[in-house]
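*Asks:* You'll find data_27.pdb just under this line, and it carries PDB, C-alpha atoms, pLDDT in the B column.
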```
MODEL        1
ATOM      1  CA  MET A   1     -70.360  17.423  39.372  1.00 39.00           C
ATOM      2  CA  PRO A   2     -67.060  19.087  40.350  1.00 41.00           C
ATOM      3  CA  ALA A   3     -65.300  21.189  37.738  1.00 40.00           C
ATOM      4  CA  ALA A   4     -62.286  19.636  36.104  1.00 37.00           C
ATOM      5  CA  PRO A   5     -58.941  21.355  36.749  1.00 38.00           C
ATOM      6  CA  PHE A   6     -57.765  23.748  34.034  1.00 34.00           C
ATOM      7  CA  GLY A   7     -56.479  21.771  31.067  1.00 37.00           C
ATOM      8  CA  ALA A   8     -58.010  18.484  32.190  1.00 35.00           C
ATOM      9  CA  PRO A   9     -60.334  16.794  29.718  1.00 36.00           C
ATOM     10  CA  THR A  10     -64.017  17.144  30.554  1.00 35.00           C
ATOM     11  CA  SER A  11     -65.026  14.183  28.403  1.00 34.00           C
ATOM     12  CA  ALA A  12     -63.300  11.209  26.892  1.00 35.00           C
ATOM     13  CA  PRO A  13     -61.887  11.792  23.419  1.00 36.00           C
ATOM     14  CA  PRO A  14     -63.598   9.950  20.591  1.00 38.00           C
ATOM     15  CA  SER A  15     -62.144   6.620  19.546  1.00 39.00           C
ATOM     16  CA  THR A  16     -61.947   7.748  15.892  1.00 41.00           C
ATOM     17  CA  GLY A  17     -61.482  11.061  14.109  1.00 40.00           C
ATOM     18  CA  THR A  18     -65.251  11.545  13.927  1.00 41.00           C
ATOM     19  CA  GLY A  19     -67.937  12.277  16.443  1.00 40.00           C
ATOM     20  CA  GLY A  20     -68.032  16.045  16.455  1.00 39.00           C
ATOM     21  CA  PHE A  21     -64.784  16.733  18.317  1.00 36.00           C
ATOM     22  CA  SER A  22     -62.349  19.262  16.890  1.00 36.00           C
ATOM     23  CA  MET A  23     -58.779  18.174  16.550  1.00 36.00           C
ATOM     24  CA  PRO A  24     -56.348  20.867  17.762  1.00 39.00           C
ATOM     25  CA  ASP A  25     -54.216  20.685  14.620  1.00 42.00           C
ATOM     26  CA  SER A  26     -57.119  20.916  12.148  1.00 38.00           C
ATOM     27  CA  GLN A  27     -57.761  24.653  11.935  1.00 40.00           C
ATOM     28  CA  PRO A  28     -59.951  26.179   9.210  1.00 42.00           C
ATOM     29  CA  ALA A  29     -58.104  27.704   6.274  1.00 45.00           C
ATOM     30  CA  ASP A  30     -59.684  31.107   6.938  1.00 46.00           C
ATOM     31  CA  LEU A  31     -61.719  32.829   9.611  1.00 44.00           C
ATOM     32  CA  ALA A  32     -64.791  33.140   7.357  1.00 47.00           C
ATOM     33  CA  SER A  33     -65.152  29.345   7.288  1.00 46.00           C
ATOM     34  CA  ASN A  34     -66.046  29.530  10.998  1.00 47.00           C
ATOM     35  CA  TYR A  35     -69.249  31.300  10.004  1.00 47.00           C
ATOM     36  CA  ALA A  36     -70.434  28.902   7.325  1.00 47.00           C
ATOM     37  CA  PRO A  37     -73.949  27.748   8.134  1.00 46.00           C
ATOM     38  CA  SER A  38     -74.117  24.221   9.476  1.00 44.00           C
ATOM     39  CA  GLN A  39     -75.301  21.854   6.771  1.00 41.00           C
ATOM     40  CA  ALA A  40     -77.425  20.016   9.344  1.00 41.00           C
ATOM     41  CA  ALA A  41     -79.056  23.176  10.674  1.00 46.00           C
ATOM     42  CA  THR A  42     -79.483  25.353   7.606  1.00 59.00           C
ATOM     43  CA  ARG A  43     -78.954  25.117   3.889  1.00 90.00           C
ATOM     44  CA  TRP A  44     -78.671  28.115   1.635  1.00 95.00           C
ATOM     45  CA  GLY A  45     -78.255  28.101  -2.106  1.00 97.00           C
ATOM     46  CA  VAL A  46     -78.162  30.394  -5.092  1.00 97.00           C
ATOM     47  CA  ALA A  47     -80.022  29.843  -8.362  1.00 97.00           C
ATOM     48  CA  VAL A  48     -78.400  31.315 -11.470  1.00 96.00           C
ATOM     49  CA  THR A  49     -80.630  32.179 -14.434  1.00 95.00           C
ATOM     50  CA  ALA A  50     -80.717  34.504 -17.425  1.00 95.00           C
ATOM     51  CA  ASP A  51     -82.948  37.541 -16.757  1.00 96.00           C
ATOM     52  CA  GLN A  52     -84.707  38.904 -19.876  1.00 94.00           C
ATOM     53  CA  GLY A  53     -85.894  42.128 -18.195  1.00 94.00           C
ATOM     54  CA  TYR A  54     -82.433  42.977 -16.894  1.00 94.00           C
ATOM     55  CA  PHE A  55     -80.931  42.123 -20.286  1.00 93.00           C
ATOM     56  CA  ASN A  56     -83.365  44.521 -21.998  1.00 91.00           C
ATOM     57  CA  LYS A  57     -82.219  47.360 -19.692  1.00 91.00           C
ATOM     58  CA  VAL A  58     -78.558  46.587 -20.341  1.00 90.00           C
ATOM     59  CA  ALA A  59     -79.031  46.195 -24.116  1.00 88.00           C
ATOM     60  CA  ALA A  60     -80.789  49.573 -24.283  1.00 86.00           C
ATOM     61  CA  SER A  61     -77.727  51.281 -22.807  1.00 81.00           C
ATOM     62  CA  ASP A  62     -74.951  52.717 -24.950  1.00 65.00           C
ATOM     63  CA  GLY A  63     -72.612  50.189 -26.554  1.00 64.00           C
ATOM     64  CA  ALA A  64     -74.557  47.092 -25.499  1.00 63.00           C
ATOM     65  CA  SER A  65     -76.932  46.749 -28.454  1.00 68.00           C
ATOM     66  CA  GLN A  66     -74.767  44.063 -30.132  1.00 80.00           C
ATOM     67  CA  LEU A  67     -75.459  41.572 -27.320  1.00 84.00           C
ATOM     68  CA  GLN A  68     -77.940  38.738 -27.825  1.00 88.00           C
ATOM     69  CA  TYR A  69     -80.037  37.257 -25.029  1.00 90.00           C
ATOM     70  CA  PRO A  70     -79.159  33.587 -24.375  1.00 92.00           C
ATOM     71  CA  SER A  71     -82.666  32.099 -24.387  1.00 88.00           C
ATOM     72  CA  PHE A  72     -81.140  28.610 -24.273  1.00 89.00           C
ATOM     73  CA  ALA A  73     -79.132  29.182 -21.053  1.00 88.00           C
ATOM     74  CA  LYS A  74     -79.882  26.480 -18.482  1.00 91.00           C
ATOM     75  CA  PRO A  75     -80.595  27.436 -14.860  1.00 93.00           C
ATOM     76  CA  ARG A  76     -77.928  26.330 -12.386  1.00 94.00           C
ATOM     77  CA  ARG A  77     -77.782  25.994  -8.611  1.00 95.00           C
ATOM     78  CA  PHE A  78     -74.854  26.397  -6.256  1.00 96.00           C
ATOM     79  CA  PRO A  79     -74.833  25.593  -2.524  1.00 96.00           C
ATOM     80  CA  LEU A  80     -73.759  28.323  -0.136  1.00 96.00           C
ATOM     81  CA  ASP A  81     -71.614  25.913   1.830  1.00 94.00           C
ATOM     82  CA  LYS A  82     -68.576  27.986   2.789  1.00 94.00           C
ATOM     83  CA  GLY A  83     -68.120  31.073   4.911  1.00 96.00           C
ATOM     84  CA  GLU A  84     -67.001  33.088   1.889  1.00 97.00           C
ATOM     85  CA  LEU A  85     -67.724  32.415  -1.790  1.00 98.00           C
ATOM     86  CA  GLY A  86     -66.366  34.178  -4.839  1.00 98.00           C
ATOM     87  CA  ILE A  87     -68.667  34.953  -7.786  1.00 98.00           C
ATOM     88  CA  GLY A  88     -67.231  35.385 -11.276  1.00 97.00           C
ATOM     89  CA  ARG A  89     -65.950  33.686 -14.405  1.00 95.00           C
ATOM     90  CA  TYR A  90     -63.157  31.140 -14.654  1.00 94.00           C
ATOM     91  CA  SER A  91     -59.914  32.570 -16.037  1.00 91.00           C
ATOM     92  CA  ALA A  92     -57.031  30.165 -16.687  1.00 91.00           C
ATOM     93  CA  LYS A  93     -54.815  33.064 -17.739  1.00 93.00           C
ATOM     94  CA  ARG A  94     -55.327  34.851 -14.393  1.00 92.00           C
ATOM     95  CA  GLY A  95     -55.585  31.658 -12.313  1.00 93.00           C
ATOM     96  CA  ILE A  96     -59.111  32.448 -11.113  1.00 93.00           C
ATOM     97  CA  THR A  97     -61.604  29.700 -10.289  1.00 95.00           C
ATOM     98  CA  PRO A  98     -64.586  31.270  -8.470  1.00 96.00           C
ATOM     99  CA  ASP A  99     -66.769  29.197  -6.148  1.00 97.00           C
ATOM    100  CA  ILE A 100     -69.813  30.335  -8.132  1.00 97.00           C
ATOM    101  CA  ASP A 101     -68.385  29.990 -11.637  1.00 96.00           C
ATOM    102  CA  LEU A 102     -70.600  31.753 -14.160  1.00 95.00           C
ATOM    103  CA  SER A 103     -68.608  30.753 -17.247  1.00 91.00           C
ATOM    104  CA  GLY A 104     -70.878  27.706 -17.856  1.00 78.00           C
ATOM    105  CA  ASP A 105     -72.531  26.877 -21.171  1.00 78.00           C
ATOM    106  CA  VAL A 106     -73.143  30.549 -21.964  1.00 84.00           C
ATOM    107  CA  ALA A 107     -70.650  32.938 -20.407  1.00 88.00           C
ATOM    108  CA  ASP A 108     -72.058  36.388 -19.717  1.00 93.00           C
ATOM    109  CA  PRO A 109     -69.456  38.804 -21.146  1.00 92.00           C
ATOM    110  CA  GLY A 110     -70.343  41.433 -18.546  1.00 93.00           C
ATOM    111  CA  VAL A 111     -69.385  39.274 -15.551  1.00 96.00           C
ATOM    112  CA  SER A 112     -65.877  39.958 -14.248  1.00 95.00           C
ATOM    113  CA  ALA A 113     -63.523  37.111 -13.354  1.00 95.00           C
ATOM    114  CA  GLN A 114     -63.681  38.381  -9.770  1.00 96.00           C
ATOM    115  CA  HIS A 115     -67.065  40.080  -9.625  1.00 97.00           C
ATOM    116  CA  ALA A 116     -68.491  39.777  -6.110  1.00 98.00           C
ATOM    117  CA  ARG A 117     -68.288  37.790  -2.882  1.00 98.00           C
ATOM    118  CA  LEU A 118     -70.908  36.311  -0.564  1.00 98.00           C
ATOM    119  CA  TYR A 119     -70.166  36.162   3.165  1.00 98.00           C
ATOM    120  CA  ALA A 120     -71.850  34.034   5.842  1.00 96.00           C
ATOM    121  CA  LYS A 121     -72.366  35.863   9.125  1.00 96.00           C
ATOM    122  CA  PRO A 122     -72.259  34.370  12.644  1.00 95.00           C
ATOM    123  CA  ASP A 123     -76.050  34.754  13.017  1.00 93.00           C
ATOM    124  CA  GLY A 124     -76.677  32.625   9.878  1.00 91.00           C
ATOM    125  CA  SER A 125     -77.394  35.577   7.582  1.00 94.00           C
ATOM    126  CA  TRP A 126     -75.519  36.487   4.390  1.00 97.00           C
ATOM    127  CA  THR A 127     -74.052  39.596   2.803  1.00 98.00           C
ATOM    128  CA  ILE A 128     -72.777  40.379  -0.699  1.00 98.00           C
ATOM    129  CA  MET A 129     -69.953  42.670  -1.716  1.00 98.00           C
ATOM    130  CA  ASP A 130     -69.008  43.877  -5.192  1.00 98.00           C
ATOM    131  CA  VAL A 131     -65.214  43.585  -5.330  1.00 97.00           C
ATOM    132  CA  GLY A 132     -64.714  46.359  -7.872  1.00 95.00           C
ATOM    133  CA  SER A 133     -66.269  44.668 -10.892  1.00 96.00           C
ATOM    134  CA  SER A 134     -66.281  46.401 -14.270  1.00 93.00           C
ATOM    135  CA  ASN A 135     -70.068  46.446 -14.709  1.00 94.00           C
ATOM    136  CA  GLY A 136     -71.461  46.555 -11.185  1.00 96.00           C
ATOM    137  CA  THR A 137     -73.691  44.463  -8.951  1.00 98.00           C
ATOM    138  CA  PHE A 138     -77.385  45.336  -8.583  1.00 98.00           C
ATOM    139  CA  LEU A 139     -79.773  44.237  -5.805  1.00 98.00           C
ATOM    140  CA  ASN A 140     -83.482  43.531  -6.330  1.00 97.00           C
ATOM    141  CA  GLY A 141     -83.887  45.456  -9.592  1.00 95.00           C
ATOM    142  CA  SER A 142     -82.161  48.648  -8.462  1.00 96.00           C
ATOM    143  CA  ASP A 143     -80.754  50.900 -11.175  1.00 94.00           C
ATOM    144  CA  GLU A 144     -77.916  51.906  -8.829  1.00 96.00           C
ATOM    145  CA  PRO A 145     -74.981  49.503  -8.467  1.00 97.00           C
ATOM    146  CA  LEU A 146     -73.700  48.534  -5.048  1.00 98.00           C
ATOM    147  CA  ALA A 147     -70.789  50.575  -3.785  1.00 98.00           C
ATOM    148  CA  PRO A 148     -67.629  48.513  -4.262  1.00 97.00           C
ATOM    149  CA  ASN A 149     -66.021  46.851  -1.243  1.00 98.00           C
ATOM    150  CA  VAL A 150     -69.052  47.400   1.014  1.00 98.00           C
ATOM    151  CA  GLU A 151     -71.114  44.473   2.336  1.00 98.00           C
ATOM    152  CA  PHE A 152     -74.898  44.549   1.845  1.00 98.00           C
ATOM    153  CA  PRO A 153     -77.335  42.132   3.525  1.00 98.00           C
ATOM    154  CA  VAL A 154     -79.116  39.524   1.394  1.00 97.00           C
ATOM    155  CA  GLY A 155     -81.719  36.948   2.365  1.00 96.00           C
ATOM    156  CA  ASP A 156     -84.210  34.428   1.095  1.00 97.00           C
ATOM    157  CA  GLY A 157     -85.582  35.676  -2.227  1.00 97.00           C
ATOM    158  CA  THR A 158     -83.007  38.445  -2.736  1.00 98.00           C
ATOM    159  CA  TYR A 159     -81.945  38.635  -6.339  1.00 98.00           C
ATOM    160  CA  ILE A 160     -78.725  40.028  -7.683  1.00 98.00           C
ATOM    161  CA  ASN A 161     -78.122  41.109 -11.276  1.00 98.00           C
ATOM    162  CA  ILE A 162     -74.634  41.177 -12.733  1.00 97.00           C
ATOM    163  CA  GLY A 163     -73.168  41.269 -16.219  1.00 95.00           C
ATOM    164  CA  ALA A 164     -75.506  41.595 -19.183  1.00 94.00           C
ATOM    165  CA  TRP A 165     -78.173  39.048 -18.223  1.00 95.00           C
ATOM    166  CA  THR A 166     -77.195  37.075 -15.131  1.00 96.00           C
ATOM    167  CA  ARG A 167     -79.519  36.839 -12.142  1.00 98.00           C
ATOM    168  CA  LEU A 168     -78.529  35.124  -8.916  1.00 98.00           C
ATOM    169  CA  THR A 169     -81.390  34.426  -6.485  1.00 98.00           C
ATOM    170  CA  ILE A 170     -80.598  33.552  -2.871  1.00 98.00           C
ATOM    171  CA  HIS A 171     -82.724  30.735  -1.423  1.00 97.00           C
ATOM    172  CA  TYR A 172     -83.089  29.363   2.082  1.00 94.00           C
ATOM    173  CA  GLU A 173     -83.646  25.644   1.677  1.00 85.00           C
ATOM    174  CA  GLY A 174     -84.251  24.733   5.316  1.00 78.00           C
TER     175      GLY A 174
ENDMDL
END
```
If you convert what's in this file into structure tokens, what do you get?
*Replies:*
Amino acid sequence: MPAAPFGAPTSAPPSTGTGGFSMPDSQPADLASNYAPSQAATRWGVAVTADQGYFNKVAASDGASQLQYPSFAKPRRFPLDKGELGIGRYSAKRGITPDIDLSGDVADPGVSAQHARLYAKPDGSWTIMDVGSSNGTFLNGSDEPLAPNVEFPVGDGTYINIGAWTRLTIHYEG
């Protein structure tokens, strides 16, 4: 089949706005959205739970003994369906509505309004970055918080502790 001249269409345009063709005037809002995993190919999610062991470590530290563990907190799930997702607590005063909003039925007082961000990578993997939170972001039970503004790889089964009791567990759902 001979090559089409530069600028000539190589296939007929779809008859409707669907069918997998990109429209030239419909650009993504940000570059990170280009790297969001395809919903058809892969699905990632994050489960949010209260972590008793992490809470015990936090409560044993100075100034945290007045906190009470929220044994009634319900687990929640969020899809990782964008190229970049903010993690934090809703703040009307500051105009912050994170993608992974941890204010829920029991708001963890140690979670910042803008705590961390998850980033999808072109190869389908994910990274997390603490964005300068007040109380840090901890990977897989580490006692050392992540350095702020540095991306760290996460994958299926990685868990992240933030605040006083919050655990986020990354899951590959196929």
*Asks:* Could you list, as a PyMOL selection string, every residue matched by the PyMOL selection byres ((chain A and resi 138-145) around 10) in this structure?
*Replies:* chain A and resi 53-54+57+128+130+135-137+146-148+152-154+157-163+167-169
*Asks:* Give me, please, the distance in Å between atom CA of A:His115 and atom CA of A:Gly132, quoted to one decimal.
*Replies:*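 Separating atom CA of A:His115 from atom CA of A:Gly132 is a distance of 6.9 Å.
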*Asks:* As lines of an AutoDock Vina configuration file, please report the centre and edge lengths, rounded to one decimal in Å, of the axis-aligned box that holds all listed atoms of stretch 56-75 of chain A with 5 Å of padding on each of the six sides.
*Replies:*
```
center_x = -78.0
center_y = 39.6
center_z = -22.5
size_x = 20.8
size_y = 36.2
size_z = 25.3
```
*Asks:* Restricting the calculation to all atoms listed in the file: of A:Ala120, A:Val131, A:Val106, A:Ala60, which residue gets closest to A:Ile87?
*Replies:*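 Of the candidates, the smallest distance to A:Ile87 is held by A:Val131.
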*Asks:* Between A:Phe55, A:Tyr172, A:Phe72, A:Phe78, which one has atoms that come closest to A:Trp126, using only C-alpha atoms?
*Replies:*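 For A:Trp126, the nearest of the given residues is A:Tyr172.
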*Asks:* Could you check the closest approach to A:Gly86 for each of A:Val58, A:Ala113, A:Leu67, A:Ala50 and tell me which residue wins, using all atoms listed in the file?
*Replies:*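 Of all the options, A:Ala113 lies closest to A:Gly86.
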*Asks:* Can you tell me how far atom CA of A:Asp51 sits from atom CA of A:Pro75, in Å to one decimal?
*Replies:* 10.5 Å
*Asks:* Applied to this file, what does the PyMOL selection byres ((chain A and resi 117) around 10) return in terms of residues, put as a PyMOL selection string?
*Replies:* chain A and resi 84-88+98-100+114-116+118-119+127-131+149+151
*Asks:* Go ahead and save the residues from that selection, with C-alpha atoms, as a PDB file, keeping the file's coordinate frame.
*Replies:*
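Output contents, as saved in result_36.pdb:
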```
ATOM      1  CA  GLU A  84     -67.001  33.088   1.889  1.00 97.00           C
ATOM      2  CA  LEU A  85     -67.724  32.415  -1.790  1.00 98.00           C
ATOM      3  CA  GLY A  86     -66.366  34.178  -4.839  1.00 98.00           C
ATOM      4  CA  ILE A  87     -68.667  34.953  -7.786  1.00 98.00           C
ATOM      5  CA  GLY A  88     -67.231  35.385 -11.276  1.00 97.00           C
ATOM      6  CA  PRO A  98     -64.586  31.270  -8.470  1.00 96.00           C
ATOM      7  CA  ASP A  99     -66.769  29.197  -6.148  1.00 97.00           C
ATOM      8  CA  ILE A 100     -69.813  30.335  -8.132  1.00 97.00           C
ATOM      9  CA  GLN A 114     -63.681  38.381  -9.770  1.00 96.00           C
ATOM     10  CA  HIS A 115     -67.065  40.080  -9.625  1.00 97.00           C
ATOM     11  CA  ALA A 116     -68.491  39.777  -6.110  1.00 98.00           C
ATOM     12  CA  LEU A 118     -70.908  36.311  -0.564  1.00 98.00           C
ATOM     13  CA  TYR A 119     -70.166  36.162   3.165  1.00 98.00           C
ATOM     14  CA  THR A 127     -74.052  39.596   2.803  1.00 98.00           C
ATOM     15  CA  ILE A 128     -72.777  40.379  -0.699  1.00 98.00           C
ATOM     16  CA  MET A 129     -69.953  42.670  -1.716  1.00 98.00           C
ATOM     17  CA  ASP A 130     -69.008  43.877  -5.192  1.00 98.00           C
ATOM     18  CA  VAL A 131     -65.214  43.585  -5.330  1.00 97.00           C
ATOM     19  CA  ASN A 149     -66.021  46.851  -1.243  1.00 98.00           C
ATOM     20  CA  GLU A 151     -71.114  44.473   2.336  1.00 98.00           C
TER      21      GLU A 151
END
```
*Asks:* Ranking A:Ala107, A:Leu80, A:Ala73, A:Ala92 by minimum distance to A:Gly45 and counting all atoms listed in the file, which one comes first?
*Replies:*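 Nearest to A:Gly45: A:Leu80.
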*Asks:* What is the distance between atom CA of A:Gly104 and atom CA of A:Arg43, in Å to one decimal?
*Replies:*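 Separating atom CA of A:Gly104 from atom CA of A:Arg43 is a distance of 23.3 Å.
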*Asks:* Pick out the closest residue to A:His171 from this set: A:Asp156, A:Gln66, A:Ser134, A:Arg76. Count all atoms listed in the file.
*Replies:*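 Nearest to A:His171: A:Asp156.
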*Asks:* Please produce stretch 93-116 of chain A, completed to N, CA, C and O atoms, as a PDB file, in the coordinates of the input.
*Replies:*
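Produced file rebuild_31.pdb, reproduced below:
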```pdb
ATOM      1  N   LYS A  93     -55.909  32.110 -17.573  1.00 93.00           N
ATOM      2  CA  LYS A  93     -54.815  33.064 -17.739  1.00 93.00           C
ATOM      3  C   LYS A  93     -54.482  33.774 -16.424  1.00 93.00           C
ATOM      4  O   LYS A  93     -53.325  33.984 -16.097  1.00 93.00           O
ATOM      5  N   ARG A  94     -55.526  34.132 -15.655  1.00 92.00           N
ATOM      6  CA  ARG A  94     -55.327  34.851 -14.393  1.00 92.00           C
ATOM      7  C   ARG A  94     -55.335  33.926 -13.181  1.00 92.00           C
ATOM      8  O   ARG A  94     -55.165  34.368 -12.058  1.00 92.00           O
ATOM      9  N   GLY A  95     -55.564  32.620 -13.411  1.00 93.00           N
ATOM     10  CA  GLY A  95     -55.585  31.658 -12.313  1.00 93.00           C
ATOM     11  C   GLY A  95     -56.764  31.833 -11.384  1.00 93.00           C
ATOM     12  O   GLY A  95     -56.644  31.642 -10.180  1.00 93.00           O
ATOM     13  N   ILE A  96     -57.927  32.183 -11.931  1.00 93.00           N
ATOM     14  CA  ILE A  96     -59.111  32.448 -11.113  1.00 93.00           C
ATOM     15  C   ILE A  96     -60.151  31.357 -11.343  1.00 93.00           C
ATOM     16  O   ILE A  96     -60.586  31.127 -12.473  1.00 93.00           O
ATOM     17  N   THR A  97     -60.541  30.693 -10.263  1.00 95.00           N
ATOM     18  CA  THR A  97     -61.604  29.700 -10.289  1.00 95.00           C
ATOM     19  C   THR A  97     -62.592  30.073  -9.189  1.00 95.00           C
ATOM     20  O   THR A  97     -62.411  29.686  -8.037  1.00 95.00           O
ATOM     21  N   PRO A  98     -63.636  30.848  -9.518  1.00 96.00           N
ATOM     22  CA  PRO A  98     -64.586  31.270  -8.470  1.00 96.00           C
ATOM     23  C   PRO A  98     -65.421  30.099  -7.961  1.00 96.00           C
ATOM     24  O   PRO A  98     -65.639  29.114  -8.673  1.00 96.00           O
ATOM     25  N   ASP A  99     -65.893  30.219  -6.728  1.00 97.00           N
ATOM     26  CA  ASP A  99     -66.769  29.197  -6.148  1.00 97.00           C
ATOM     27  C   ASP A  99     -68.079  29.114  -6.924  1.00 97.00           C
ATOM     28  O   ASP A  99     -68.618  28.040  -7.145  1.00 97.00           O
ATOM     29  N   ILE A 100     -68.607  30.267  -7.305  1.00 97.00           N
ATOM     30  CA  ILE A 100     -69.813  30.335  -8.132  1.00 97.00           C
ATOM     31  C   ILE A 100     -69.331  30.776  -9.507  1.00 97.00           C
ATOM     32  O   ILE A 100     -69.199  31.959  -9.794  1.00 97.00           O
ATOM     33  N   ASP A 101     -69.000  29.769 -10.323  1.00 96.00           N
ATOM     34  CA  ASP A 101     -68.385  29.990 -11.637  1.00 96.00           C
ATOM     35  C   ASP A 101     -69.479  30.195 -12.674  1.00 96.00           C
ATOM     36  O   ASP A 101     -70.241  29.291 -12.975  1.00 96.00           O
ATOM     37  N   LEU A 102     -69.551  31.401 -13.212  1.00 95.00           N
ATOM     38  CA  LEU A 102     -70.600  31.753 -14.160  1.00 95.00           C
ATOM     39  C   LEU A 102     -70.151  31.622 -15.609  1.00 95.00           C
ATOM     40  O   LEU A 102     -70.820  32.118 -16.502  1.00 95.00           O
ATOM     41  N   SER A 103     -69.034  30.927 -15.856  1.00 91.00           N
ATOM     42  CA  SER A 103     -68.608  30.753 -17.247  1.00 91.00           C
ATOM     43  C   SER A 103     -69.496  29.746 -17.966  1.00 91.00           C
ATOM     44  O   SER A 103     -69.815  29.959 -19.105  1.00 91.00           O
ATOM     45  N   GLY A 104     -69.895  28.672 -17.355  1.00 78.00           N
ATOM     46  CA  GLY A 104     -70.878  27.706 -17.856  1.00 78.00           C
ATOM     47  C   GLY A 104     -71.058  27.572 -19.351  1.00 78.00           C
ATOM     48  O   GLY A 104     -70.182  27.895 -20.138  1.00 78.00           O
ATOM     49  N   ASP A 105     -72.237  27.109 -19.758  1.00 78.00           N
ATOM     50  CA  ASP A 105     -72.531  26.877 -21.171  1.00 78.00           C
ATOM     51  C   ASP A 105     -72.632  28.177 -21.963  1.00 78.00           C
ATOM     52  O   ASP A 105     -72.316  28.218 -23.134  1.00 78.00           O
ATOM     53  N   VAL A 106     -73.062  29.238 -21.320  1.00 84.00           N
ATOM     54  CA  VAL A 106     -73.143  30.549 -21.964  1.00 84.00           C
ATOM     55  C   VAL A 106     -72.538  31.564 -21.001  1.00 84.00           C
ATOM     56  O   VAL A 106     -73.155  31.937 -20.007  1.00 84.00           O
ATOM     57  N   ALA A 107     -71.322  31.992 -21.294  1.00 88.00           N
ATOM     58  CA  ALA A 107     -70.650  32.938 -20.407  1.00 88.00           C
ATOM     59  C   ALA A 107     -71.153  34.352 -20.678  1.00 88.00           C
ATOM     60  O   ALA A 107     -71.132  34.817 -21.806  1.00 88.00           O
ATOM     61  N   ASP A 108     -71.603  35.004 -19.638  1.00 93.00           N
ATOM     62  CA  ASP A 108     -72.058  36.388 -19.717  1.00 93.00           C
ATOM     63  C   ASP A 108     -70.825  37.274 -19.839  1.00 93.00           C
ATOM     64  O   ASP A 108     -69.997  37.314 -18.917  1.00 93.00           O
ATOM     65  N   PRO A 109     -70.664  37.999 -20.948  1.00 92.00           N
ATOM     66  CA  PRO A 109     -69.456  38.804 -21.146  1.00 92.00           C
ATOM     67  C   PRO A 109     -69.327  39.976 -20.179  1.00 92.00           C
ATOM     68  O   PRO A 109     -68.245  40.546 -20.038  1.00 92.00           O
ATOM     69  N   GLY A 110     -70.391  40.318 -19.480  1.00 93.00           N
ATOM     70  CA  GLY A 110     -70.343  41.433 -18.546  1.00 93.00           C
ATOM     71  C   GLY A 110     -69.972  41.044 -17.130  1.00 93.00           C
ATOM     72  O   GLY A 110     -69.867  41.894 -16.261  1.00 93.00           O
ATOM     73  N   VAL A 111     -69.770  39.738 -16.884  1.00 96.00           N
ATOM     74  CA  VAL A 111     -69.385  39.274 -15.551  1.00 96.00           C
ATOM     75  C   VAL A 111     -67.859  39.277 -15.474  1.00 96.00           C
ATOM     76  O   VAL A 111     -67.185  38.709 -16.327  1.00 96.00           O
ATOM     77  N   SER A 112     -67.324  39.918 -14.462  1.00 95.00           N
ATOM     78  CA  SER A 112     -65.877  39.958 -14.248  1.00 95.00           C
ATOM     79  C   SER A 112     -65.384  38.612 -13.717  1.00 95.00           C
ATOM     80  O   SER A 112     -66.147  37.853 -13.118  1.00 95.00           O
ATOM     81  N   ALA A 113     -64.111  38.341 -13.899  1.00 95.00           N
ATOM     82  CA  ALA A 113     -63.523  37.111 -13.354  1.00 95.00           C
ATOM     83  C   ALA A 113     -63.677  37.094 -11.833  1.00 95.00           C
ATOM     84  O   ALA A 113     -64.018  36.072 -11.247  1.00 95.00           O
ATOM     85  N   GLN A 114     -63.435  38.220 -11.198  1.00 96.00           N
ATOM     86  CA  GLN A 114     -63.681  38.381  -9.770  1.00 96.00           C
ATOM     87  C   GLN A 114     -64.713  39.493  -9.636  1.00 96.00           C
ATOM     88  O   GLN A 114     -64.371  40.664  -9.612  1.00 96.00           O
ATOM     89  N   HIS A 115     -65.978  39.102  -9.567  1.00 97.00           N
ATOM     90  CA  HIS A 115     -67.065  40.080  -9.625  1.00 97.00           C
ATOM     91  C   HIS A 115     -67.564  40.492  -8.239  1.00 97.00           C
ATOM     92  O   HIS A 115     -67.666  41.673  -7.931  1.00 97.00           O
ATOM     93  N   ALA A 116     -67.903  39.496  -7.424  1.00 98.00           N
ATOM     94  CA  ALA A 116     -68.491  39.777  -6.110  1.00 98.00           C
ATOM     95  C   ALA A 116     -68.157  38.634  -5.160  1.00 98.00           C
ATOM     96  O   ALA A 116     -67.651  37.592  -5.580  1.00 98.00           O
TER      97      ALA A 116
END
```
